[in-house]
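A.B. asks: This is query_13.txt (compact mmCIF, C-alpha atoms).
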```
# COMPACT_ATOMS: atom_id res chain seq x y z
CA MET A 1 22.96 43.36 7.13
CA ASN A 2 25.84 44.37 4.91
CA GLN A 3 25.89 44.26 1.13
CA GLY A 4 28.08 41.13 0.94
CA VAL A 5 25.77 39.00 3.11
CA ARG A 6 22.76 40.19 1.12
CA TRP A 7 24.38 39.10 -2.15
CA LEU A 8 25.32 35.76 -0.64
CA LEU A 9 21.70 35.14 0.38
CA VAL A 10 20.49 36.06 -3.11
CA VAL A 11 22.98 33.67 -4.71
CA LEU A 12 22.04 30.89 -2.29
CA GLY A 13 18.35 31.48 -3.02
CA VAL A 14 18.90 31.28 -6.78
CA VAL A 15 21.00 28.12 -6.43
CA GLY A 16 18.33 26.58 -4.17
CA LEU A 17 15.54 27.39 -6.62
CA GLY A 18 17.62 26.02 -9.48
CA TYR A 19 18.21 22.80 -7.55
CA LEU A 20 14.47 22.45 -6.83
CA GLY A 21 13.72 23.04 -10.50
CA TRP A 22 16.30 20.41 -11.48
CA LEU A 23 14.80 17.94 -9.00
CA ASN A 24 11.34 18.48 -10.48
CA ARG A 25 12.42 18.48 -14.13
CA PRO A 26 10.10 16.54 -16.45
CA THR A 27 11.87 13.20 -16.91
CA GLU A 28 10.49 10.20 -18.80
CA GLU A 29 9.90 8.44 -15.47
CA ARG A 30 7.75 11.34 -14.31
CA ARG A 31 5.79 11.34 -17.57
CA ILE A 32 5.12 7.62 -17.20
CA ARG A 33 4.05 8.05 -13.57
CA LYS A 34 1.64 10.75 -14.70
CA VAL A 35 0.11 8.36 -17.25
CA ILE A 36 -0.30 5.66 -14.58
CA GLU A 37 -1.84 8.11 -12.11
CA GLY A 38 -4.10 9.41 -14.87
CA MET A 39 -5.31 5.85 -15.48
CA ALA A 40 -6.25 5.55 -11.81
CA GLY A 41 -8.13 8.85 -12.09
CA ASP A 42 -9.97 7.64 -15.20
CA ALA A 43 -10.97 4.43 -13.43
CA THR A 44 -12.33 6.28 -10.38
CA PHE A 45 -16.06 6.94 -10.27
CA THR A 46 -17.94 8.90 -7.63
CA GLY A 47 -21.22 7.22 -8.45
CA GLY A 48 -22.83 10.53 -9.29
CA GLU A 49 -21.62 10.82 -12.89
CA GLY A 50 -23.97 10.63 -15.80
CA ASN A 51 -23.53 8.06 -18.56
CA ILE A 52 -21.81 10.52 -20.88
CA SER A 53 -19.25 11.41 -18.24
CA ARG A 54 -18.63 7.72 -17.56
CA ILE A 55 -18.18 6.94 -21.23
CA ALA A 56 -15.77 9.87 -21.56
CA LYS A 57 -13.68 8.51 -18.68
CA ILE A 58 -13.63 5.00 -20.15
CA GLU A 59 -12.69 6.46 -23.54
CA SER A 60 -9.84 8.36 -21.89
CA LEU A 61 -8.72 5.21 -20.05
CA GLY A 62 -8.89 3.16 -23.24
CA ASN A 63 -6.84 5.75 -25.14
CA ARG A 64 -3.96 5.21 -22.75
CA PHE A 65 -3.46 1.75 -24.30
CA ALA A 66 -1.50 1.15 -27.51
CA ALA A 67 -3.51 -0.07 -30.50
CA ASP A 68 -2.00 -3.55 -30.13
CA ALA A 69 -2.07 -3.63 -26.33
CA GLU A 70 -2.37 -6.94 -24.50
CA LEU A 71 -4.13 -7.56 -21.20
CA HIS A 72 -3.13 -10.76 -19.39
CA VAL A 73 -5.47 -11.27 -16.47
CA ASP A 74 -5.51 -15.07 -16.35
CA GLN A 75 -3.96 -15.05 -12.86
CA VAL A 76 -7.07 -13.49 -11.30
CA LEU A 77 -9.92 -13.91 -13.78
CA PRO A 78 -11.10 -17.09 -15.46
CA ILE A 79 -9.96 -15.82 -18.88
CA GLU A 80 -7.39 -18.11 -20.41
CA SER A 81 -6.24 -16.11 -23.41
CA ALA A 82 -5.05 -12.52 -23.34
CA LEU A 83 -7.26 -9.68 -24.39
CA THR A 84 -5.62 -8.08 -27.41
CA GLY A 85 -6.15 -4.68 -28.97
CA ARG A 86 -7.24 -1.31 -27.64
CA ASP A 87 -10.78 -1.72 -28.94
CA ALA A 88 -11.24 -5.08 -27.20
CA ILE A 89 -9.96 -3.58 -23.94
CA LYS A 90 -12.29 -0.60 -24.32
CA GLY A 91 -15.15 -3.02 -24.97
CA LEU A 92 -14.38 -4.92 -21.77
CA LEU A 93 -14.21 -1.67 -19.80
CA MET A 94 -17.49 -0.46 -21.29
CA MET A 95 -19.17 -3.74 -20.36
CA GLY A 96 -18.03 -3.59 -16.74
CA THR A 97 -18.59 0.10 -16.03
CA PRO A 98 -22.41 0.27 -15.75
CA GLN A 99 -22.30 -2.29 -12.92
CA ILE A 100 -19.92 -0.15 -10.85
CA GLY A 101 -21.36 2.36 -8.39
CA SER A 102 -18.68 4.42 -6.75
CA VAL A 103 -15.13 3.18 -6.84
CA GLU A 104 -11.89 4.88 -5.92
CA VAL A 105 -8.81 3.55 -7.67
CA LYS A 106 -5.34 4.43 -6.41
CA VAL A 107 -1.87 3.41 -7.50
CA HIS A 108 0.91 2.69 -5.03
CA ASP A 109 4.63 1.92 -5.14
CA VAL A 110 5.01 2.80 -8.82
CA GLN A 111 8.50 1.77 -9.92
CA VAL A 112 9.49 2.79 -13.43
CA THR A 113 12.43 1.23 -15.28
CA LEU A 114 13.36 2.57 -18.69
CA THR A 115 14.33 -0.39 -20.87
CA GLY A 116 15.06 1.66 -23.98
CA ASP A 117 14.45 5.11 -25.46
CA THR A 118 10.85 4.25 -26.21
CA GLU A 119 10.20 1.36 -23.85
CA ALA A 120 9.68 1.11 -20.12
CA ARG A 121 8.54 -1.35 -17.52
CA VAL A 122 6.35 -0.41 -14.57
CA SER A 123 5.77 -2.39 -11.41
CA MET A 124 2.98 -1.18 -9.17
CA THR A 125 0.07 -2.01 -6.92
CA ALA A 126 -3.41 -0.72 -7.68
CA SER A 127 -6.13 -0.62 -5.07
CA ALA A 128 -9.86 -0.17 -5.50
CA LYS A 129 -12.31 0.76 -2.79
CA THR A 130 -16.01 0.69 -3.43
CA GLY A 131 -18.45 2.95 -1.64
CA GLY A 132 -20.73 2.08 1.24
CA LYS A 133 -20.23 1.59 4.98
CA ARG A 134 -18.31 -1.64 4.55
CA GLY A 135 -16.90 -0.82 1.15
CA ASP A 136 -14.94 -3.64 -0.41
CA PHE A 137 -11.23 -3.09 -0.68
CA THR A 138 -9.16 -4.98 -3.17
CA ALA A 139 -5.56 -4.59 -4.27
CA GLN A 140 -3.63 -6.11 -7.12
CA GLU A 141 -0.02 -6.05 -8.23
CA PHE A 142 0.68 -5.33 -11.91
CA ASP A 143 3.60 -5.56 -14.27
CA ILE A 144 3.11 -3.10 -17.12
CA ARG A 145 5.12 -2.57 -20.28
CA MET A 146 4.91 0.87 -21.84
CA VAL A 147 5.85 2.12 -25.27
CA LYS A 148 6.41 5.68 -26.47
CA THR A 149 4.44 6.33 -29.63
CA GLU A 150 4.41 9.77 -31.29
CA GLY A 151 5.70 11.36 -28.08
CA LYS A 152 3.07 9.72 -25.87
CA TRP A 153 3.63 6.90 -23.42
CA LEU A 154 1.05 4.17 -23.96
CA VAL A 155 0.42 0.86 -22.23
CA ARG A 156 1.64 -1.98 -24.44
CA ARG A 157 1.06 -4.95 -22.13
CA VAL A 158 -0.43 -5.52 -18.69
CA ASP A 159 0.30 -8.63 -16.65
CA VAL A 160 -1.44 -9.33 -13.39
CA VAL A 161 1.06 -10.54 -10.80
CA ALA A 162 -0.35 -13.23 -8.54
CA GLY A 163 0.26 -12.46 -4.89
CA PHE A 164 -0.03 -16.09 -3.85
CA ARG A 165 0.79 -19.39 -5.53
CA ARG A 166 -2.35 -21.51 -5.58
CA SER A 167 -2.91 -25.21 -6.06
CA GLY A 168 -5.53 -24.57 -8.70
CA GLY A 169 -8.49 -25.88 -6.75
CA ARG A 170 -10.37 -22.58 -6.47
CA MET B 1 17.37 46.78 51.71
CA SER B 2 17.80 49.03 48.67
CA GLU B 3 14.88 50.26 46.57
CA HIS B 4 15.91 47.98 43.68
CA GLU B 5 15.85 44.85 45.87
CA GLU B 6 12.41 45.78 47.22
CA THR B 7 11.00 46.03 43.69
CA GLN B 8 12.43 42.61 42.78
CA GLU B 9 10.88 41.02 45.86
CA MET B 10 7.49 42.52 45.08
CA GLU B 11 7.64 41.19 41.50
CA ALA B 12 8.49 37.73 42.73
CA THR B 13 5.43 37.48 44.95
CA GLU B 14 2.99 38.96 42.37
CA PRO B 15 0.61 36.36 40.82
CA ARG B 16 1.68 35.32 37.34
CA PRO B 17 -0.67 35.79 34.36
CA TRP B 18 -2.44 32.65 33.07
CA TRP B 19 -0.45 32.53 29.87
CA HIS B 20 2.74 32.18 31.87
CA TYR B 21 1.56 28.81 33.18
CA LEU B 22 0.40 27.81 29.72
CA TRP B 23 3.86 28.66 28.38
CA ILE B 24 5.52 26.64 31.16
CA GLY B 25 3.13 23.74 30.53
CA VAL B 26 3.67 23.65 26.78
CA ILE B 27 7.21 24.89 26.27
CA GLY B 28 8.71 24.22 29.72
CA ARG B 29 11.02 26.41 31.77
CA SER B 30 13.84 26.01 29.26
CA PRO B 31 12.74 26.42 25.61
CA LYS B 32 16.16 25.25 24.42
CA ARG B 33 15.88 21.99 26.35
CA THR B 34 12.32 21.49 25.06
CA ALA B 35 13.48 22.01 21.46
CA ILE B 36 16.21 19.39 21.92
CA ARG B 37 13.71 17.01 23.51
CA ILE B 38 11.27 17.44 20.60
CA ALA B 39 14.07 16.87 18.09
CA VAL B 40 15.03 13.64 19.90
CA TYR B 41 11.39 12.48 19.93
CA VAL B 42 11.04 13.20 16.20
CA VAL B 43 14.22 11.29 15.33
CA VAL B 44 13.22 8.33 17.54
CA ALA B 45 9.68 8.27 16.08
CA TRP B 46 11.08 8.46 12.55
CA GLY B 47 13.46 5.57 13.27
CA VAL B 48 10.93 3.41 15.08
CA PHE B 49 7.96 3.94 12.75
CA GLY B 50 10.05 4.11 9.59
CA TYR B 51 12.24 1.07 10.14
CA VAL B 52 10.92 -1.10 12.99
CA LEU B 53 7.18 -0.73 13.53
CA ARG B 54 5.17 0.02 10.44
CA PRO B 55 1.73 1.46 11.25
CA MET B 56 -1.12 -0.10 9.27
CA ARG B 57 -4.89 0.03 9.02
CA VAL B 58 -6.93 -3.05 8.15
CA ALA B 59 -8.79 -2.45 4.88
CA GLY B 60 -10.36 -5.81 4.06
CA ILE B 61 -12.41 -8.43 5.86
CA SER B 62 -10.33 -11.55 5.26
CA MET B 63 -8.86 -11.52 8.79
CA GLU B 64 -12.17 -11.08 10.62
CA PRO B 65 -13.04 -11.65 13.42
CA THR B 66 -9.42 -11.47 14.67
CA TYR B 67 -8.71 -8.15 12.94
CA LYS B 68 -11.67 -5.99 12.02
CA LEU B 69 -12.11 -3.46 9.24
CA ASN B 70 -10.34 -0.11 9.91
CA GLN B 71 -8.54 -1.47 12.97
CA VAL B 72 -5.11 0.11 13.46
CA ASN B 73 -2.07 -2.03 14.20
CA PHE B 74 1.68 -2.23 13.68
CA ILE B 75 3.92 -4.57 11.73
CA ASN B 76 7.13 -5.47 13.49
CA ARG B 77 9.76 -5.65 10.77
CA TRP B 78 12.36 -7.02 13.17
CA SER B 79 10.28 -9.97 14.35
CA TYR B 80 12.06 -12.40 12.05
CA LEU B 81 15.61 -11.15 12.36
CA LYS B 82 16.59 -13.93 14.73
CA ARG B 83 13.92 -16.56 14.14
CA GLU B 84 11.89 -17.87 11.24
CA PRO B 85 8.12 -17.33 10.86
CA GLN B 86 6.04 -19.79 12.86
CA ARG B 87 2.69 -21.47 12.23
CA GLY B 88 -0.09 -19.29 13.64
CA ASP B 89 1.79 -16.00 13.19
CA VAL B 90 -0.21 -13.22 11.57
CA VAL B 91 2.10 -11.57 9.07
CA ALA B 92 2.12 -8.78 6.50
CA VAL B 93 3.02 -9.65 2.91
CA ARG B 94 4.28 -7.07 0.45
CA MET B 95 2.91 -6.51 -3.04
CA ALA B 96 4.86 -4.26 -5.47
CA GLY B 97 6.01 -2.30 -2.43
CA GLU B 98 4.95 -1.84 1.15
CA SER B 99 2.21 0.78 0.78
CA VAL B 100 -0.43 -1.93 0.49
CA LEU B 101 0.12 -5.20 2.36
CA TYR B 102 -1.75 -8.44 2.70
CA LEU B 103 -2.50 -9.46 6.29
CA LYS B 104 -2.66 -13.25 6.64
CA ARG B 105 -1.99 -16.10 9.03
CA ILE B 106 0.72 -18.67 8.43
CA ILE B 107 -0.71 -22.18 8.39
CA GLY B 108 1.86 -24.06 6.32
CA LEU B 109 5.65 -24.12 6.72
CA PRO B 110 8.38 -24.82 4.13
CA GLY B 111 8.37 -28.35 2.78
CA GLU B 112 4.92 -29.21 4.12
CA ARG B 113 1.98 -30.48 2.09
CA VAL B 114 -1.18 -28.40 2.47
CA ARG B 115 -4.70 -29.18 1.34
CA ILE B 116 -8.17 -27.96 2.29
CA ARG B 117 -11.17 -30.27 2.23
CA GLN B 118 -14.65 -29.02 3.11
CA GLY B 119 -13.05 -26.07 4.92
CA GLN B 120 -10.74 -28.22 7.04
CA VAL B 121 -7.01 -27.60 6.56
CA TYR B 122 -4.73 -30.64 6.44
CA ILE B 123 -0.97 -30.36 6.91
CA ASP B 124 0.89 -33.48 5.78
CA ASP B 125 -2.47 -35.30 5.94
CA GLU B 126 -3.08 -34.28 9.59
CA PRO B 127 -6.04 -31.98 10.34
CA LEU B 128 -4.93 -28.58 11.63
CA ARG B 129 -6.63 -27.26 14.77
CA GLU B 130 -7.50 -23.62 14.22
CA GLU B 131 -9.29 -22.03 17.17
CA TYR B 132 -9.19 -18.60 15.53
CA VAL B 133 -11.51 -19.77 12.72
CA LYS B 134 -15.12 -19.11 13.73
CA GLN B 135 -16.92 -19.88 10.48
CA ARG B 136 -16.05 -22.37 7.78
CA ALA B 137 -17.35 -22.37 4.24
CA PRO B 138 -16.73 -25.67 2.43
CA TRP B 139 -13.48 -24.65 0.73
CA ASN B 140 -11.67 -27.25 -1.30
CA GLU B 141 -8.04 -26.89 -2.35
CA SER B 142 -6.10 -29.72 -3.89
CA GLU B 143 -2.83 -30.60 -2.21
CA MET B 144 0.22 -28.48 -2.80
CA GLU B 145 3.76 -28.99 -1.58
CA LEU B 146 5.50 -25.91 -0.30
CA GLY B 147 8.98 -25.07 -1.53
CA PRO B 148 12.00 -24.71 0.79
CA ASP B 149 11.33 -21.00 1.33
CA GLU B 150 7.55 -20.97 0.96
CA TYR B 151 4.83 -20.45 3.56
CA PHE B 152 1.11 -21.09 3.12
CA LEU B 153 -0.94 -18.09 4.21
CA VAL B 154 -4.66 -17.65 4.64
CA GLY B 155 -6.97 -15.24 6.47
CA ASP B 156 -9.10 -16.19 9.49
CA ASN B 157 -12.39 -15.35 7.77
CA ARG B 158 -13.19 -18.72 6.18
CA GLY B 159 -16.87 -17.96 6.07
CA MET B 160 -16.36 -16.00 2.86
CA ALA B 161 -16.11 -17.56 -0.57
CA SER B 162 -12.72 -19.04 -1.37
CA ARG B 163 -12.48 -17.14 -4.69
CA ASP B 164 -12.90 -13.79 -2.86
CA HIS B 165 -10.23 -14.62 -0.31
CA GLU B 166 -6.59 -14.28 -1.38
CA HIS B 167 -4.57 -17.16 0.02
CA GLY B 168 -1.82 -19.54 -0.99
CA ALA B 169 1.93 -19.87 -0.89
CA VAL B 170 4.37 -16.97 -0.70
CA ARG B 171 8.13 -16.80 -0.62
CA ARG B 172 9.85 -15.84 2.65
CA SER B 173 11.21 -12.65 1.05
CA LYS B 174 7.65 -11.36 0.60
CA ILE B 175 6.92 -11.46 4.33
CA VAL B 176 7.51 -8.00 5.81
CA GLY B 177 6.99 -8.83 9.47
CA LYS B 178 4.66 -10.00 12.18
CA VAL B 179 1.64 -8.09 13.44
CA LEU B 180 2.45 -6.57 16.82
CA LEU B 181 -0.93 -6.55 18.61
```
Take the structure I supplied and represent it as structure tokens, if you would.

C.D. replies:
Amino acid sequence: MNQGVRWLLVVLGVVGLGYLGWLNRPTEERRIRKVIEGMAGDATFTGGEGNISRIAKIESLGNRFAADAELHVDQVLPIESALTGRDAIKGLLMMGTPQIGSVEVKVHDVQVTLTGDTEARVSMTASAKTGGKRGDFTAQEFDIRMVKTEGKWLVRRVDVVAGFRRSGGR
Amino acid sequence: MSEHEETQEMEATEPRPWWHYLWIGVIGRSPKRTAIRIAVYVVVAWGVFGYVLRPMRVAGISMEPTYKLNQVNFINRWSYLKREPQRGDVVAVRMAGESVLYLKRIIGLPGERVRIRQGQVYIDDEPLREEYVKQRAPWNESEMELGPDEYFLVGDNRGMASRDHEHGAVRRSKIVGKVLL
């Protein structure tokens, strides 16, 4: 291999690495995705954790919400008004967690749209699979609004998107 | 016959080593042709499974006993290119994307009135015959009129509680395709 070809390969390698680096640069969309994926990780329990570990995970999940966050779940749960405030959301999570054995939460089809420098909208599907031979599987579509506060992306509002229009006679 | 020709003839009649047959079996007599064939297979599989038949695995129990948990199937995305969805079709419905899909049966068509009384489905006040339903819990759903592009979908497992079973009207644009098998 002559000197010229060798140099060409080196240049191509550097350009290729630079392109890969550019593709994987930390954009706001990527940061938001990481927050959403982190939420799924926080909501996943193996069933073998102790109470302290569970509380730590719930605390971490709760801290991903803004102080004035709103949770609108009226489409799937019989709660008419929205749950408002990080502490109220944490309280709800704390109440529900002891009843859960093992559950694996995953997020799918996360689509991030930046609506401003510090605001974004996320559309996604979350699925939860509980343990056991015939573990229950459930999936839900969400519309999430995020806000960037002190350099951190936090969940400002969560709306449950109904998959089906119902007559109301549940 | 020259000495060179004799040697060639002897080589031709000698038994081949086992790996030779393995090579022929796996790679073929022409590696170049095999490589092209593999490339064609990959492109065809990518086209078929990426754009026409979407593989899926059943994850819930709402379509039992017709489709059981963990059963593998395919969604035909082209099934409604030339015709509209029909009553009785089992279809996949998208959520935020197509990674997770609902699998349900169409029971109500656009413009129809659907209600459920004691587990019996009524379409425009006529009871619907559903041979695929093996168990019926006493579901009750007040009447709803479907819009011009809405279909009423429900799973075959009516033995489960209505609140645990996602069902209702969806827009045509949400239907990804029909289940193949």

A.B. asks: Write out as a ChimeraX atom specification the residues lying within 10 Å of Pro55 in chain B, counting only C-alpha atoms and excluding same-chain residues fewer than 2 positions away.

C.D. replies: /B:49-50,52-53,57,72-76,179-180

A.B. asks: For chain B, which residues have at least one atom within 9 Å of chain A, if we go by only C-alpha atoms? Write them as a VMD selection string, please.

C.D. replies: chain B and resid 59 to 61 69 93 to 102 115 139 to 145 152 to 153 162 to 163 166 to 171

A.B. asks: Using only C-alpha atoms, which residues sit within 10 Å of Ile144 in chain A once same-chain residues fewer than 3 positions away are excluded, as a ChimeraX atom specification?

C.D. replies: /A:36,70-71,112,120-124,141,155-161

A.B. asks: Counting all atoms listed in the file, which residue out of A:Val14, A:Ile32, A:Val103, A:Ile55 sits closest to Gly151 in chain A?

C.D. replies: A:Ile32

A.B. asks: What is the CA of Ala56 in chain A-CA of Gly41 in chain A distance in Å, reported with one decimal?

C.D. replies: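 Going from CA of Ala56 in chain A over to CA of Gly41 in chain A covers 12.2 Å.
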
A.B. asks: So, counting all atoms listed in the file, which residue among A:Leu114, A:Leu8, A:Val147, A:Leu154 is closest to Leu61 in chain A?

C.D. replies: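 Looking at the shortest contact to Leu61 in chain A, the residue is A:Leu154.
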
A.B. asks: Of the candidates B:Pro65, B:Gly155, B:Gly25, B:Gly108, which one gets nearest to Ala92 in chain B if we count only C-alpha atoms?

C.D. replies: B:Gly155

A.B. asks: Could you tell me how far CA of Ala137 in chain B lies from CA of Gln86 in chain B, in Å and to one decimal?

C.D. replies: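 The value is 25.1 Å.
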
A.B. asks: Identify, on the basis of all atoms listed in the file, every residue whose closest approach to Lys134 in chain B does not exceed 9 Å; exclude the query and any residue fewer than 6 positions from it along the same chain; express the result as an NGL selection string.

C.D. replies: :B and (65 or 156-159)

A.B. asks: Using C-alpha atoms, can you export the residues from the last selection as a PDB file, in the frame of the given file?

C.D. replies:
```pdb
ATOM      1  CA  PRO B  65     -13.040 -11.650  13.420  1.00  0.00           C
ATOM      2  CA  ASP B 156      -9.100 -16.190   9.490  1.00  0.00           C
ATOM      3  CA  ASN B 157     -12.390 -15.350   7.770  1.00  0.00           C
ATOM      4  CA  ARG B 158     -13.190 -18.720   6.180  1.00  0.00           C
ATOM      5  CA  GLY B 159     -16.870 -17.960   6.070  1.00  0.00           C
TER       6      GLY B 159
END
```

A.B. asks: Go ahead and compute the interatomic distance for CA of Glu126 in chain B and CA of Gly88 in chain B, in Å to one decimal.

C.D. replies: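 That distance, rounded to one decimal, is 15.8 Å.
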
A.B. asks: Nearest to Thr44 in chain A among A:Gly116, A:Gly13, A:Arg145, A:Lys106, with distances taken over only C-alpha atoms: which residue is it?

C.D. replies: A:Lys106

A.B. asks: Tell me which of B:Met160, B:Leu181, B:Val176, B:Ala35 sits closest to Tyr51 in chain B, counting all atoms listed in the file.

C.D. replies: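 Among the listed residues, B:Val176 lies closest to Tyr51 in chain B.
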
A.B. asks: Would you list the contacts of Ile52 in chain A as a ChimeraX atom specification, taking every protein, DNA or RNA residue within 12 Å and counting all atoms listed in the file, but skipping same-chain residues closer than 6 positions in sequence?

C.D. replies: /A:58-59,94,97-98

A.B. asks: Please reconstruct the missing atoms of range 44-71 of chain A (target: N, CA and C atoms) and return them as a PDB file, in the frame of the given file.

C.D. replies:
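Saved the output as selection.pdb:
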```
ATOM      1  N   THR A  44     -11.640   5.924 -11.630  1.00  0.00           N
ATOM      2  CA  THR A  44     -12.330   6.280 -10.380  1.00  0.00           C
ATOM      3  C   THR A  44     -13.681   6.919 -10.702  1.00  0.00           C
ATOM      4  N   PHE A  45     -14.711   6.411 -10.049  1.00  0.00           N
ATOM      5  CA  PHE A  45     -16.060   6.940 -10.270  1.00  0.00           C
ATOM      6  C   PHE A  45     -16.684   7.315  -8.925  1.00  0.00           C
ATOM      7  N   THR A  46     -17.313   8.465  -8.893  1.00  0.00           N
ATOM      8  CA  THR A  46     -17.940   8.900  -7.630  1.00  0.00           C
ATOM      9  C   THR A  46     -19.315   8.264  -7.443  1.00  0.00           C
ATOM     10  N   GLY A  47     -19.877   7.789  -8.511  1.00  0.00           N
ATOM     11  CA  GLY A  47     -21.220   7.220  -8.450  1.00  0.00           C
ATOM     12  C   GLY A  47     -22.274   8.236  -8.862  1.00  0.00           C
ATOM     13  N   GLY A  48     -21.870   9.485  -8.943  1.00  0.00           N
ATOM     14  CA  GLY A  48     -22.830  10.530  -9.290  1.00  0.00           C
ATOM     15  C   GLY A  48     -22.711  10.992 -10.738  1.00  0.00           C
ATOM     16  N   GLU A  49     -21.794  10.388 -11.496  1.00  0.00           N
ATOM     17  CA  GLU A  49     -21.620  10.820 -12.890  1.00  0.00           C
ATOM     18  C   GLU A  49     -22.776  10.332 -13.759  1.00  0.00           C
ATOM     19  N   GLY A  50     -23.006  11.083 -14.804  1.00  0.00           N
ATOM     20  CA  GLY A  50     -23.970  10.630 -15.800  1.00  0.00           C
ATOM     21  C   GLY A  50     -23.296   9.659 -16.749  1.00  0.00           C
ATOM     22  N   ASN A  51     -24.082   9.052 -17.625  1.00  0.00           N
ATOM     23  CA  ASN A  51     -23.530   8.060 -18.560  1.00  0.00           C
ATOM     24  C   ASN A  51     -22.491   8.659 -19.495  1.00  0.00           C
ATOM     25  N   ILE A  52     -22.739   9.903 -19.927  1.00  0.00           N
ATOM     26  CA  ILE A  52     -21.810  10.520 -20.880  1.00  0.00           C
ATOM     27  C   ILE A  52     -20.452  10.728 -20.223  1.00  0.00           C
ATOM     28  N   SER A  53     -20.488  11.183 -18.980  1.00  0.00           N
ATOM     29  CA  SER A  53     -19.250  11.410 -18.240  1.00  0.00           C
ATOM     30  C   SER A  53     -18.495  10.091 -18.045  1.00  0.00           C
ATOM     31  N   ARG A  54     -19.237   9.040 -17.756  1.00  0.00           N
ATOM     32  CA  ARG A  54     -18.630   7.720 -17.560  1.00  0.00           C
ATOM     33  C   ARG A  54     -17.983   7.231 -18.853  1.00  0.00           C
ATOM     34  N   ILE A  55     -18.717   7.395 -19.933  1.00  0.00           N
ATOM     35  CA  ILE A  55     -18.180   6.940 -21.230  1.00  0.00           C
ATOM     36  C   ILE A  55     -16.922   7.726 -21.577  1.00  0.00           C
ATOM     37  N   ALA A  56     -16.934   9.031 -21.274  1.00  0.00           N
ATOM     38  CA  ALA A  56     -15.770   9.870 -21.560  1.00  0.00           C
ATOM     39  C   ALA A  56     -14.552   9.384 -20.769  1.00  0.00           C
ATOM     40  N   LYS A  57     -14.792   8.975 -19.513  1.00  0.00           N
ATOM     41  CA  LYS A  57     -13.680   8.510 -18.680  1.00  0.00           C
ATOM     42  C   LYS A  57     -13.132   7.172 -19.209  1.00  0.00           C
ATOM     43  N   ILE A  58     -14.054   6.305 -19.601  1.00  0.00           N
ATOM     44  CA  ILE A  58     -13.630   5.000 -20.150  1.00  0.00           C
ATOM     45  C   ILE A  58     -12.871   5.208 -21.457  1.00  0.00           C
ATOM     46  N   GLU A  59     -13.352   6.145 -22.273  1.00  0.00           N
ATOM     47  CA  GLU A  59     -12.690   6.460 -23.540  1.00  0.00           C
ATOM     48  C   GLU A  59     -11.260   6.945 -23.257  1.00  0.00           C
ATOM     49  N   SER A  60     -11.151   7.820 -22.256  1.00  0.00           N
ATOM     50  CA  SER A  60      -9.840   8.360 -21.890  1.00  0.00           C
ATOM     51  C   SER A  60      -8.921   7.245 -21.375  1.00  0.00           C
ATOM     52  N   LEU A  61      -9.504   6.338 -20.571  1.00  0.00           N
ATOM     53  CA  LEU A  61      -8.720   5.210 -20.050  1.00  0.00           C
ATOM     54  C   LEU A  61      -8.278   4.303 -21.203  1.00  0.00           C
ATOM     55  N   GLY A  62      -9.194   4.027 -22.093  1.00  0.00           N
ATOM     56  CA  GLY A  62      -8.890   3.160 -23.240  1.00  0.00           C
ATOM     57  C   GLY A  62      -7.815   3.762 -24.132  1.00  0.00           C
ATOM     58  N   ASN A  63      -7.819   5.091 -24.272  1.00  0.00           N
ATOM     59  CA  ASN A  63      -6.840   5.750 -25.140  1.00  0.00           C
ATOM     60  C   ASN A  63      -5.432   5.759 -24.568  1.00  0.00           C
ATOM     61  N   ARG A  64      -5.302   5.300 -23.335  1.00  0.00           N
ATOM     62  CA  ARG A  64      -3.960   5.210 -22.750  1.00  0.00           C
ATOM     63  C   ARG A  64      -3.286   3.892 -23.130  1.00  0.00           C
ATOM     64  N   PHE A  65      -4.027   3.026 -23.832  1.00  0.00           N
ATOM     65  CA  PHE A  65      -3.460   1.750 -24.300  1.00  0.00           C
ATOM     66  C   PHE A  65      -3.013   1.903 -25.758  1.00  0.00           C
ATOM     67  N   ALA A  66      -1.950   1.183 -26.118  1.00  0.00           N
ATOM     68  CA  ALA A  66      -1.500   1.150 -27.510  1.00  0.00           C
ATOM     69  C   ALA A  66      -2.523   0.368 -28.330  1.00  0.00           C
ATOM     70  N   ALA A  67      -2.518   0.596 -29.640  1.00  0.00           N
ATOM     71  CA  ALA A  67      -3.510  -0.070 -30.500  1.00  0.00           C
ATOM     72  C   ALA A  67      -3.413  -1.587 -30.408  1.00  0.00           C
ATOM     73  N   ASP A  68      -2.172  -2.093 -30.198  1.00  0.00           N
ATOM     74  CA  ASP A  68      -2.000  -3.550 -30.130  1.00  0.00           C
ATOM     75  C   ASP A  68      -1.752  -4.017 -28.687  1.00  0.00           C
ATOM     76  N   ALA A  69      -2.310  -3.300 -27.744  1.00  0.00           N
ATOM     77  CA  ALA A  69      -2.070  -3.630 -26.330  1.00  0.00           C
ATOM     78  C   ALA A  69      -2.599  -5.009 -25.962  1.00  0.00           C
ATOM     79  N   GLU A  70      -1.946  -5.609 -24.974  1.00  0.00           N
ATOM     80  CA  GLU A  70      -2.370  -6.940 -24.500  1.00  0.00           C
ATOM     81  C   GLU A  70      -2.662  -6.867 -23.011  1.00  0.00           C
ATOM     82  N   LEU A  71      -3.737  -7.534 -22.611  1.00  0.00           N
ATOM     83  CA  LEU A  71      -4.130  -7.560 -21.200  1.00  0.00           C
ATOM     84  C   LEU A  71      -4.131  -9.022 -20.755  1.00  0.00           C
TER      85      LEU A  71
END
```
